[in-house]
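Since the structure comes first, as C-alpha coordinates, the remarks are kept for the end.
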Amino acid sequence: MQPKKLEQYKYFQPIAWTLCLSFAGFVAMLALELRMTVEQMHQSNISFESRLDRIEEVLGVPN
(Lines give C-alpha, C1' and ligand atoms only; values in the text may rest on other atoms or scores of the structure.)
Protein backbone atom coordinates (compact mmCIF):
# COMPACT_ATOMS: atom_id res chain seq x y z
CA MET A 1 0.00 0.00 0.00
CA GLN A 2 1.47 3.29 -1.09
CA PRO A 3 1.11 6.37 1.12
CA LYS A 4 -1.28 9.08 -0.02
CA LYS A 5 0.18 11.89 -2.05
CA LEU A 6 -0.27 15.37 -0.69
CA GLU A 7 -2.61 16.34 -3.53
CA GLN A 8 -4.98 13.50 -2.67
CA TYR A 9 -5.93 14.88 0.73
CA LYS A 10 -9.39 16.43 0.95
CA TYR A 11 -8.32 19.87 2.21
CA PHE A 12 -5.17 20.27 0.12
CA GLN A 13 -6.66 22.53 -2.57
CA PRO A 14 -8.41 25.01 -0.25
CA ILE A 15 -5.29 25.31 1.91
CA ALA A 16 -3.03 25.69 -1.12
CA TRP A 17 -5.25 28.40 -2.66
CA THR A 18 -5.50 30.22 0.67
CA LEU A 19 -1.72 30.26 1.03
CA CYS A 20 -1.23 31.35 -2.56
CA LEU A 21 -3.73 34.21 -2.31
CA SER A 22 -2.37 35.28 1.07
CA PHE A 23 1.14 35.48 -0.32
CA ALA A 24 -0.12 37.45 -3.33
CA GLY A 25 -1.86 39.89 -1.00
CA PHE A 26 1.29 40.23 1.10
CA VAL A 27 3.41 41.00 -1.97
CA ALA A 28 0.80 43.49 -3.21
CA MET A 29 0.87 45.30 0.15
CA LEU A 30 4.67 45.48 0.02
CA ALA A 31 4.51 46.89 -3.51
CA LEU A 32 1.99 49.54 -2.49
CA GLU A 33 4.09 50.52 0.52
CA LEU A 34 7.18 50.80 -1.68
CA ARG A 35 5.27 52.91 -4.20
CA MET A 36 4.04 55.29 -1.49
CA THR A 37 7.56 55.61 -0.07
CA VAL A 38 9.03 56.40 -3.49
CA GLU A 39 6.33 59.00 -4.13
CA GLN A 40 7.08 60.62 -0.76
CA MET A 41 10.77 60.71 -1.61
CA HIS A 42 10.03 62.39 -4.96
CA GLN A 43 7.91 65.04 -3.23
CA SER A 44 10.59 65.78 -0.67
CA ASN A 45 12.56 69.00 -1.05
CA ILE A 46 15.59 67.50 0.65
CA SER A 47 18.36 66.32 -1.64
CA PHE A 48 19.46 62.69 -1.75
CA GLU A 49 22.87 63.54 -0.32
CA SER A 50 21.43 65.28 2.73
CA ARG A 51 19.03 62.36 3.31
CA LEU A 52 21.92 59.91 3.08
CA ASP A 53 24.01 62.03 5.46
CA ARG A 54 21.11 62.08 7.93
CA ILE A 55 20.71 58.29 7.77
CA GLU A 56 24.44 57.81 8.28
CA GLU A 57 24.32 60.22 11.22
CA VAL A 58 21.44 58.32 12.84
CA LEU A 59 23.15 54.96 12.31
CA GLY A 60 26.48 56.25 13.51
CA VAL A 61 28.37 55.49 10.28
CA PRO A 62 31.73 57.30 10.25
CA ASN A 63 32.36 59.57 7.25
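Ordering of the C-alpha coordinates sets the chain letters (A, B, ...); residue numbers start at 1 within each chain; ligands are numbered from 1 in the order shown.
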
So which bits of chain A end up helix (DSSP H, G or I) when you DSSP the backbone, as JSON, numbers by chain? {"A": [6, 7, 8, 12, 13, 14, 15, 16, 17, 18, 19, 20, 21, 22, 23, 24, 25, 26, 27, 28, 29, 30, 31, 32, 33, 34, 35, 36, 37, 38, 39, 40, 41, 42, 43, 48, 49, 50, 51, 52, 53, 54, 55, 56, 57, 58, 59]}

Write a file of the just-selected residues containing N, CA and C atoms, as a CSV table (one decimal), in the first residue's frame.
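Result written to part-v5.csv:
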```csv
chain,number,residue,atom,x,y,z
A,6,LEU,N,0.2,14.1,-1.3
A,6,LEU,CA,-0.3,15.4,-0.7
A,6,LEU,C,-1.5,15.9,-1.4
A,7,GLU,N,-1.5,15.8,-2.7
A,7,GLU,CA,-2.6,16.3,-3.5
A,7,GLU,C,-3.9,15.5,-3.4
A,8,GLN,N,-3.8,14.3,-2.8
A,8,GLN,CA,-5.0,13.5,-2.7
A,8,GLN,C,-5.8,13.8,-1.4
A,12,PHE,N,-6.4,19.7,0.7
A,12,PHE,CA,-5.2,20.3,0.1
A,12,PHE,C,-5.5,21.5,-0.7
A,13,GLN,N,-6.4,21.4,-1.7
A,13,GLN,CA,-6.7,22.5,-2.6
A,13,GLN,C,-7.1,23.8,-1.9
A,14,PRO,N,-8.0,23.8,-0.9
A,14,PRO,CA,-8.4,25.0,-0.2
A,14,PRO,C,-7.2,25.6,0.5
A,15,ILE,N,-6.4,24.8,1.2
A,15,ILE,CA,-5.3,25.3,1.9
A,15,ILE,C,-4.3,25.9,1.0
A,16,ALA,N,-4.0,25.2,-0.2
A,16,ALA,CA,-3.0,25.7,-1.1
A,16,ALA,C,-3.5,27.0,-1.7
A,17,TRP,N,-4.8,27.1,-2.1
A,17,TRP,CA,-5.2,28.4,-2.7
A,17,TRP,C,-5.2,29.5,-1.6
A,18,THR,N,-5.5,29.2,-0.4
A,18,THR,CA,-5.5,30.2,0.7
A,18,THR,C,-4.1,30.7,0.9
A,19,LEU,N,-3.1,29.8,0.9
A,19,LEU,CA,-1.7,30.3,1.0
A,19,LEU,C,-1.3,31.1,-0.2
A,20,CYS,N,-1.6,30.6,-1.3
A,20,CYS,CA,-1.2,31.4,-2.6
A,20,CYS,C,-1.8,32.8,-2.6
A,21,LEU,N,-3.1,32.9,-2.3
A,21,LEU,CA,-3.7,34.2,-2.3
A,21,LEU,C,-3.2,35.1,-1.2
A,22,SER,N,-2.9,34.5,0.0
A,22,SER,CA,-2.4,35.3,1.1
A,22,SER,C,-1.0,35.8,0.7
A,23,PHE,N,-0.2,35.0,0.1
A,23,PHE,CA,1.1,35.5,-0.3
A,23,PHE,C,1.0,36.6,-1.4
A,24,ALA,N,0.1,36.4,-2.3
A,24,ALA,CA,-0.1,37.4,-3.3
A,24,ALA,C,-0.6,38.8,-2.7
A,25,GLY,N,-1.4,38.7,-1.7
A,25,GLY,CA,-1.9,39.9,-1.0
A,25,GLY,C,-0.7,40.5,-0.2
A,26,PHE,N,0.1,39.7,0.4
A,26,PHE,CA,1.3,40.2,1.1
A,26,PHE,C,2.2,41.0,0.2
A,27,VAL,N,2.5,40.4,-1.0
A,27,VAL,CA,3.4,41.0,-2.0
A,27,VAL,C,2.8,42.3,-2.5
A,28,ALA,N,1.5,42.3,-2.7
A,28,ALA,CA,0.8,43.5,-3.2
A,28,ALA,C,0.9,44.6,-2.2
A,29,MET,N,0.7,44.3,-0.9
A,29,MET,CA,0.9,45.3,0.1
A,29,MET,C,2.3,45.9,0.2
A,30,LEU,N,3.3,45.0,0.0
A,30,LEU,CA,4.7,45.5,0.0
A,30,LEU,C,4.9,46.4,-1.2
A,31,ALA,N,4.4,46.1,-2.3
A,31,ALA,CA,4.5,46.9,-3.5
A,31,ALA,C,3.8,48.2,-3.3
A,32,LEU,N,2.7,48.3,-2.7
A,32,LEU,CA,2.0,49.5,-2.5
A,32,LEU,C,2.8,50.4,-1.5
A,33,GLU,N,3.3,49.8,-0.5
A,33,GLU,CA,4.1,50.5,0.5
A,33,GLU,C,5.3,51.1,-0.1
A,34,LEU,N,6.0,50.3,-1.0
A,34,LEU,CA,7.2,50.8,-1.7
A,34,LEU,C,6.8,52.0,-2.6
A,35,ARG,N,5.7,51.8,-3.3
A,35,ARG,CA,5.3,52.9,-4.2
A,35,ARG,C,5.0,54.2,-3.4
A,36,MET,N,4.3,54.1,-2.3
A,36,MET,CA,4.0,55.3,-1.5
A,36,MET,C,5.3,55.9,-1.0
A,37,THR,N,6.3,55.1,-0.6
A,37,THR,CA,7.6,55.6,-0.1
A,37,THR,C,8.3,56.3,-1.2
A,38,VAL,N,8.3,55.8,-2.4
A,38,VAL,CA,9.0,56.4,-3.5
A,38,VAL,C,8.4,57.7,-3.8
A,39,GLU,N,7.0,57.8,-3.8
A,39,GLU,CA,6.3,59.0,-4.1
A,39,GLU,C,6.6,60.1,-3.1
A,40,GLN,N,6.7,59.7,-1.8
A,40,GLN,CA,7.1,60.6,-0.8
A,40,GLN,C,8.5,61.1,-1.0
A,41,MET,N,9.4,60.3,-1.4
A,41,MET,CA,10.8,60.7,-1.6
A,41,MET,C,10.9,61.7,-2.8
A,42,HIS,N,10.0,61.5,-3.8
A,42,HIS,CA,10.0,62.4,-5.0
A,42,HIS,C,9.5,63.8,-4.6
A,43,GLN,N,8.5,63.8,-3.6
A,43,GLN,CA,7.9,65.0,-3.2
A,43,GLN,C,8.8,65.8,-2.2
A,48,PHE,N,19.1,64.1,-2.1
A,48,PHE,CA,19.5,62.7,-1.7
A,48,PHE,C,20.7,62.7,-0.8
A,49,GLU,N,21.6,63.5,-1.1
A,49,GLU,CA,22.9,63.5,-0.3
A,49,GLU,C,22.6,63.9,1.1
A,50,SER,N,21.7,64.9,1.3
A,50,SER,CA,21.4,65.3,2.7
A,50,SER,C,20.6,64.2,3.4
A,51,ARG,N,19.8,63.5,2.7
A,51,ARG,CA,19.0,62.4,3.3
A,51,ARG,C,20.0,61.2,3.7
A,52,LEU,N,20.9,60.9,2.8
A,52,LEU,CA,21.9,59.9,3.1
A,52,LEU,C,22.8,60.3,4.3
A,53,ASP,N,23.2,61.6,4.3
A,53,ASP,CA,24.0,62.0,5.5
A,53,ASP,C,23.2,61.9,6.8
A,54,ARG,N,21.9,62.2,6.7
A,54,ARG,CA,21.1,62.1,7.9
A,54,ARG,C,21.0,60.6,8.4
A,55,ILE,N,20.8,59.7,7.4
A,55,ILE,CA,20.7,58.3,7.8
A,55,ILE,C,22.0,57.8,8.4
A,56,GLU,N,23.1,58.2,7.8
A,56,GLU,CA,24.4,57.8,8.3
A,56,GLU,C,24.7,58.4,9.7
A,57,GLU,N,24.2,59.6,9.9
A,57,GLU,CA,24.3,60.2,11.2
A,57,GLU,C,23.5,59.5,12.3
A,58,VAL,N,22.3,59.1,11.9
A,58,VAL,CA,21.4,58.3,12.8
A,58,VAL,C,22.0,56.9,13.1
A,59,LEU,N,22.6,56.3,12.1
A,59,LEU,CA,23.1,55.0,12.3
A,59,LEU,C,24.5,55.0,12.9
```
